[in-house]
Each structure stands twice: as C-alpha cells, then as structure tokens.
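Okay, run25.cif is below, mmCIF, C-alpha atoms:
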data_model
loop_
_atom_site.group_PDB
_atom_site.id
_atom_site.type_symbol
_atom_site.label_atom_id
_atom_site.label_comp_id
_atom_site.auth_asym_id
_atom_site.auth_seq_id
_atom_site.Cartn_x
_atom_site.Cartn_y
_atom_site.Cartn_z
ATOM 1 C CA MET V 1 35.618 3.258 -8.023
ATOM 2 C CA VAL V 2 31.934 2.549 -8.538
ATOM 3 C CA ASP V 3 30.985 -0.042 -11.146
ATOM 4 C CA LYS V 4 29.118 1.320 -14.152
ATOM 5 C CA LEU V 5 25.382 0.675 -13.815
ATOM 6 C CA ARG V 6 23.579 -1.081 -16.641
ATOM 7 C CA VAL V 7 20.558 0.637 -18.169
ATOM 8 C CA TRP V 8 18.037 -1.760 -16.652
ATOM 9 C CA ASP V 9 19.651 -1.449 -13.193
ATOM 10 C CA VAL V 10 19.215 2.341 -13.044
ATOM 11 C CA LEU V 11 15.405 2.522 -13.237
ATOM 12 C CA LYS V 12 13.904 0.405 -10.455
ATOM 13 C CA ALA V 13 10.196 1.144 -11.009
ATOM 14 C CA PRO V 14 7.847 3.880 -12.184
ATOM 15 C CA ILE V 15 6.039 5.700 -9.395
ATOM 16 C CA VAL V 16 2.321 5.674 -10.107
ATOM 17 C CA THR V 17 0.584 7.843 -7.509
ATOM 18 C CA GLU V 18 -2.092 10.500 -7.821
ATOM 19 C CA LYS V 19 0.513 13.260 -7.839
ATOM 20 C CA SER V 20 2.732 11.638 -10.473
ATOM 21 C CA VAL V 21 -0.222 10.847 -12.769
ATOM 22 C CA LEU V 22 -1.471 14.453 -12.487
ATOM 23 C CA LEU V 23 2.027 15.762 -13.271
ATOM 24 C CA LYS V 24 2.235 13.512 -16.309
ATOM 25 C CA GLU V 25 -1.165 14.605 -17.646
ATOM 26 C CA GLN V 26 -0.889 18.337 -16.808
ATOM 27 C CA SER V 27 2.513 18.751 -18.365
ATOM 28 C CA SER V 28 1.327 17.331 -21.684
ATOM 29 C CA GLU V 29 -1.701 19.688 -21.712
ATOM 30 C CA ASP V 30 0.290 22.819 -20.781
ATOM 31 C CA ASN V 31 2.664 22.499 -23.775
ATOM 32 C CA GLU V 32 5.513 21.591 -21.464
ATOM 33 C CA GLY V 33 7.504 18.409 -21.651
ATOM 34 C CA GLN V 34 5.906 15.329 -20.134
ATOM 35 C CA ILE V 35 7.079 14.624 -16.548
ATOM 36 C CA LEU V 36 7.794 10.999 -15.627
ATOM 37 C CA THR V 37 8.501 9.817 -12.082
ATOM 38 C CA PHE V 38 10.778 6.875 -11.242
ATOM 39 C CA ARG V 39 12.317 5.116 -8.272
ATOM 40 C CA VAL V 40 15.996 4.871 -9.247
ATOM 41 C CA ASP V 41 19.185 3.282 -7.941
ATOM 42 C CA ARG V 42 20.711 5.318 -5.107
ATOM 43 C CA LYS V 43 24.127 5.372 -6.821
ATOM 44 C CA ALA V 44 22.754 6.568 -10.177
ATOM 45 C CA GLY V 45 23.625 10.091 -11.274
ATOM 46 C CA LYS V 46 21.591 12.322 -13.551
ATOM 47 C CA ASP V 47 23.604 11.254 -16.609
ATOM 48 C CA ASP V 48 22.901 7.581 -15.845
ATOM 49 C CA ILE V 49 19.182 8.303 -15.458
ATOM 50 C CA ARG V 50 19.105 10.337 -18.687
ATOM 51 C CA ASN V 51 20.810 7.555 -20.673
ATOM 52 C CA ALA V 52 18.499 4.877 -19.236
ATOM 53 C CA VAL V 53 15.273 6.776 -20.012
ATOM 54 C CA GLU V 54 16.418 7.706 -23.520
ATOM 55 C CA GLU V 55 17.446 4.138 -24.338
ATOM 56 C CA ILE V 56 14.462 2.311 -22.800
ATOM 57 C CA PHE V 57 11.666 4.655 -23.922
ATOM 58 C CA GLY V 58 13.239 6.119 -27.082
ATOM 59 C CA VAL V 59 12.634 9.780 -26.124
ATOM 60 C CA LYS V 60 14.786 12.879 -25.477
ATOM 61 C CA VAL V 61 15.139 14.202 -21.918
ATOM 62 C CA ALA V 62 15.083 17.949 -21.185
ATOM 63 C CA LYS V 63 15.910 17.944 -17.446
ATOM 64 C CA ILE V 64 16.045 15.726 -14.372
ATOM 65 C CA ARG V 65 15.373 16.477 -10.708
ATOM 66 C CA THR V 66 16.363 13.948 -8.051
ATOM 67 C CA MET V 67 15.798 13.622 -4.324
ATOM 68 C CA HIS V 68 16.839 11.203 -1.608
ATOM 69 C CA TYR V 69 14.352 9.721 0.851
ATOM 70 C CA GLN V 70 15.351 8.298 4.216
ATOM 71 C CA GLY V 71 13.755 5.007 5.176
ATOM 72 C CA LYS V 72 10.978 5.267 7.738
ATOM 73 C CA ILE V 73 11.312 3.733 11.182
ATOM 74 C CA LYS V 74 8.834 0.891 11.635
ATOM 75 C CA ARG V 75 7.985 -1.090 14.758
ATOM 76 C CA GLN V 76 6.737 -4.594 15.229
ATOM 77 C CA GLY V 77 5.966 -5.115 18.877
ATOM 78 C CA ARG V 78 9.006 -4.092 20.872
ATOM 79 C CA TYR V 79 11.367 -4.407 17.913
ATOM 80 C CA GLU V 80 12.258 -1.441 15.796
ATOM 81 C CA GLY V 81 13.664 -1.434 12.296
ATOM 82 C CA ARG V 82 14.133 0.881 9.376
ATOM 83 C CA ARG V 83 12.971 0.621 5.784
ATOM 84 C CA PRO V 84 15.717 1.140 3.218
ATOM 85 C CA ALA V 85 16.520 4.628 1.928
ATOM 86 C CA TRP V 86 15.718 5.293 -1.747
ATOM 87 C CA LYS V 87 16.081 7.849 -4.518
ATOM 88 C CA LYS V 88 13.338 9.418 -6.659
ATOM 89 C CA ALA V 89 13.733 11.117 -10.047
ATOM 90 C CA TYR V 90 11.418 13.493 -11.901
ATOM 91 C CA VAL V 91 12.315 13.272 -15.599
ATOM 92 C CA THR V 92 11.033 16.041 -17.889
ATOM 93 C CA LEU V 93 10.909 15.137 -21.566
ATOM 94 C CA LYS V 94 11.457 17.626 -24.371
ATOM 95 C CA VAL V 95 8.398 19.264 -25.918
ATOM 96 C CA GLY V 96 6.934 17.263 -28.798
ATOM 97 C CA GLU V 97 8.090 13.848 -27.605
ATOM 98 C CA PRO V 98 5.487 11.051 -27.890
ATOM 99 C CA PHE V 99 3.359 10.150 -24.866
ATOM 100 C CA VAL V 100 5.101 7.468 -22.770
ATOM 101 C CA ASP V 101 3.091 4.555 -21.404
ATOM 102 C CA TYR V 102 5.139 2.569 -18.893
ATOM 103 C CA ALA V 103 3.573 -0.782 -19.824
ATOM 104 C CA GLU V 104 4.179 -0.492 -23.554
ATOM 105 C CA ALA V 105 7.841 0.480 -23.280
ATOM 106 C CA ILE V 106 8.884 -2.460 -21.131
#
Would it be possible to restate this file's structure as structure tokens?
Amino acid sequence: MVDKLRVWDVLKAPIVTEKSVLLKEQSSEDNEGQILTFRVDRKAGKDDIRNAVEEIFGVKVAKIRTMHYQGKIKRQGRYEGRRPAWKKAYVTLKVGEPFVDYAEAI
C-alpha cells in the first residue's frame, strides 16, 4: 500500500515556460478557467493533485490532465546515464476563480 502523500509533497514545482505562460494568459482572456502547469510527484493521482491545488492556492479545480515523461538519455564522454522520469499536470480552474500568482501563494 502506498503511503498517503502530504499536500506539499504532491506539487514539486510550477512549470514556467513560454507555452505554460501563454496557456495561463489565454485561458483567462477566453472566459475559460485559468490553466496552471505543475511538475508533480509520479505517484500522485488526480485526486491528490486536486486537493493540493485547492488547499495551497485556495481555488476550485474544474479538471486535470496528466502525462508521464521518460527521462532523457544523456552522455558524458563514454558514460551514458538517464535523467529521472517525471509527471506533468495541467490544472484547469473553474471560471471566475481569482488569478493565481505562484509567488504569492507560496
């Protein structure tokens, strides 16, 4: 049986790339829910992610999409290794929720 993850263990870090920032801004302009992007624990399910976002940021979540990424193979000279695999979550907030700034909430 898997141990229950604590709220602060579920969300590893926000993903701040060009694509994620555009998603966050476009969704708020198009009268859709705001879309937040996070790197999450690989064992976390959608319910764990929903509870963590709602508790940390104080907002309501409409839906969650997750995907697994395999670690890339990297070489250093003749040695070869692999970066760790990770999980990414797109969290869509309900319409009308306040704008979330990652720095203010944490």
Name the residues in contact with Arg65 in chain V at a cut-off of 7 Å, using all atoms listed in the file, excluding same-chain residues fewer than 4 positions from it; report them as a PDB file with C-alpha atoms, keeping the file's coordinate frame.
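Saved to result-v9.pdb:
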ATOM      1  CA  ALA V  89      13.733  11.117 -10.047  1.00  0.00           C
ATOM      2  CA  TYR V  90      11.418  13.493 -11.901  1.00  0.00           C
ATOM      3  CA  VAL V  91      12.315  13.272 -15.599  1.00  0.00           C
TER       4      VAL V  91
END
For this session: Kindly indicate which residue among V:Thr37, V:Thr66, V:Gln76, V:Asn51 lies nearest to Ala13 in chain V, using only C-alpha atoms for the distances.
Result: V:Thr37
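Counting from CA of Leu23 in chain V, the distance to CA of Val40 in chain V is 18.2 Å.
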Exercise. Mind telling me what the PyMOL selection byres ((chain V and resi 45) around 12) catches here, as a PyMOL selection string?
Worked result: chain V and resi 2+4-5+10-11+40-44+46-52+64-68+87-89
Exercise. Could you spell out the hits of the PyMOL selection byres ((chain V and resi 33) around 12) on the shown file, as a ChimeraX atom specification?
Worked result: /V:23-32,34-36,59-64,90-100
Exercise. Exactly which residues make up the result of the PyMOL selection byres ((chain V and resi 103) around 12) on this file, given as an NGL selection string?
Worked result: :V and (13-14 or 16 or 56-57 or 100-102 or 104-106)
Mind writing the picked residues with C-alpha atoms as a compact mmCIF listing (two decimals), keeping the file's coordinate frame?
# COMPACT_ATOMS: atom_id res chain seq x y z
CA ALA V 13 10.20 1.14 -11.01
CA PRO V 14 7.85 3.88 -12.18
CA VAL V 16 2.32 5.67 -10.11
CA ILE V 56 14.46 2.31 -22.80
CA PHE V 57 11.67 4.66 -23.92
CA VAL V 100 5.10 7.47 -22.77
CA ASP V 101 3.09 4.56 -21.40
CA TYR V 102 5.14 2.57 -18.89
CA GLU V 104 4.18 -0.49 -23.55
CA ALA V 105 7.84 0.48 -23.28
CA ILE V 106 8.88 -2.46 -21.13
Listed atoms of range 83-89 of chain V boxed along x, y and z, 5 Å each side, centre and edge lengths in Å, one decimal, as lines of an AutoDock Vina configuration file:
center_x = 14.7
center_y = 5.9
center_z = -2.1
size_x = 13.5
size_y = 20.5
size_z = 25.8
Exercise. Within 7 Å of (14.2, -1.7, 7.8), all atoms listed in the file: residues as a VMD selection string?
Worked result: chain V and resid 81 to 84
For this session: Go ahead and compute the interatomic distance for CA of Glu18 in chain V and CA of Arg39 in chain V, in Å to one decimal.
Result: 15.4 Å
Problem set entry | Between CA of Trp8 in chain V and CA of Val53 in chain V, distance in Å (one decimal) |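 Separation between CA of Trp8 in chain V and CA of Val53 in chain V: 9.6 Å.
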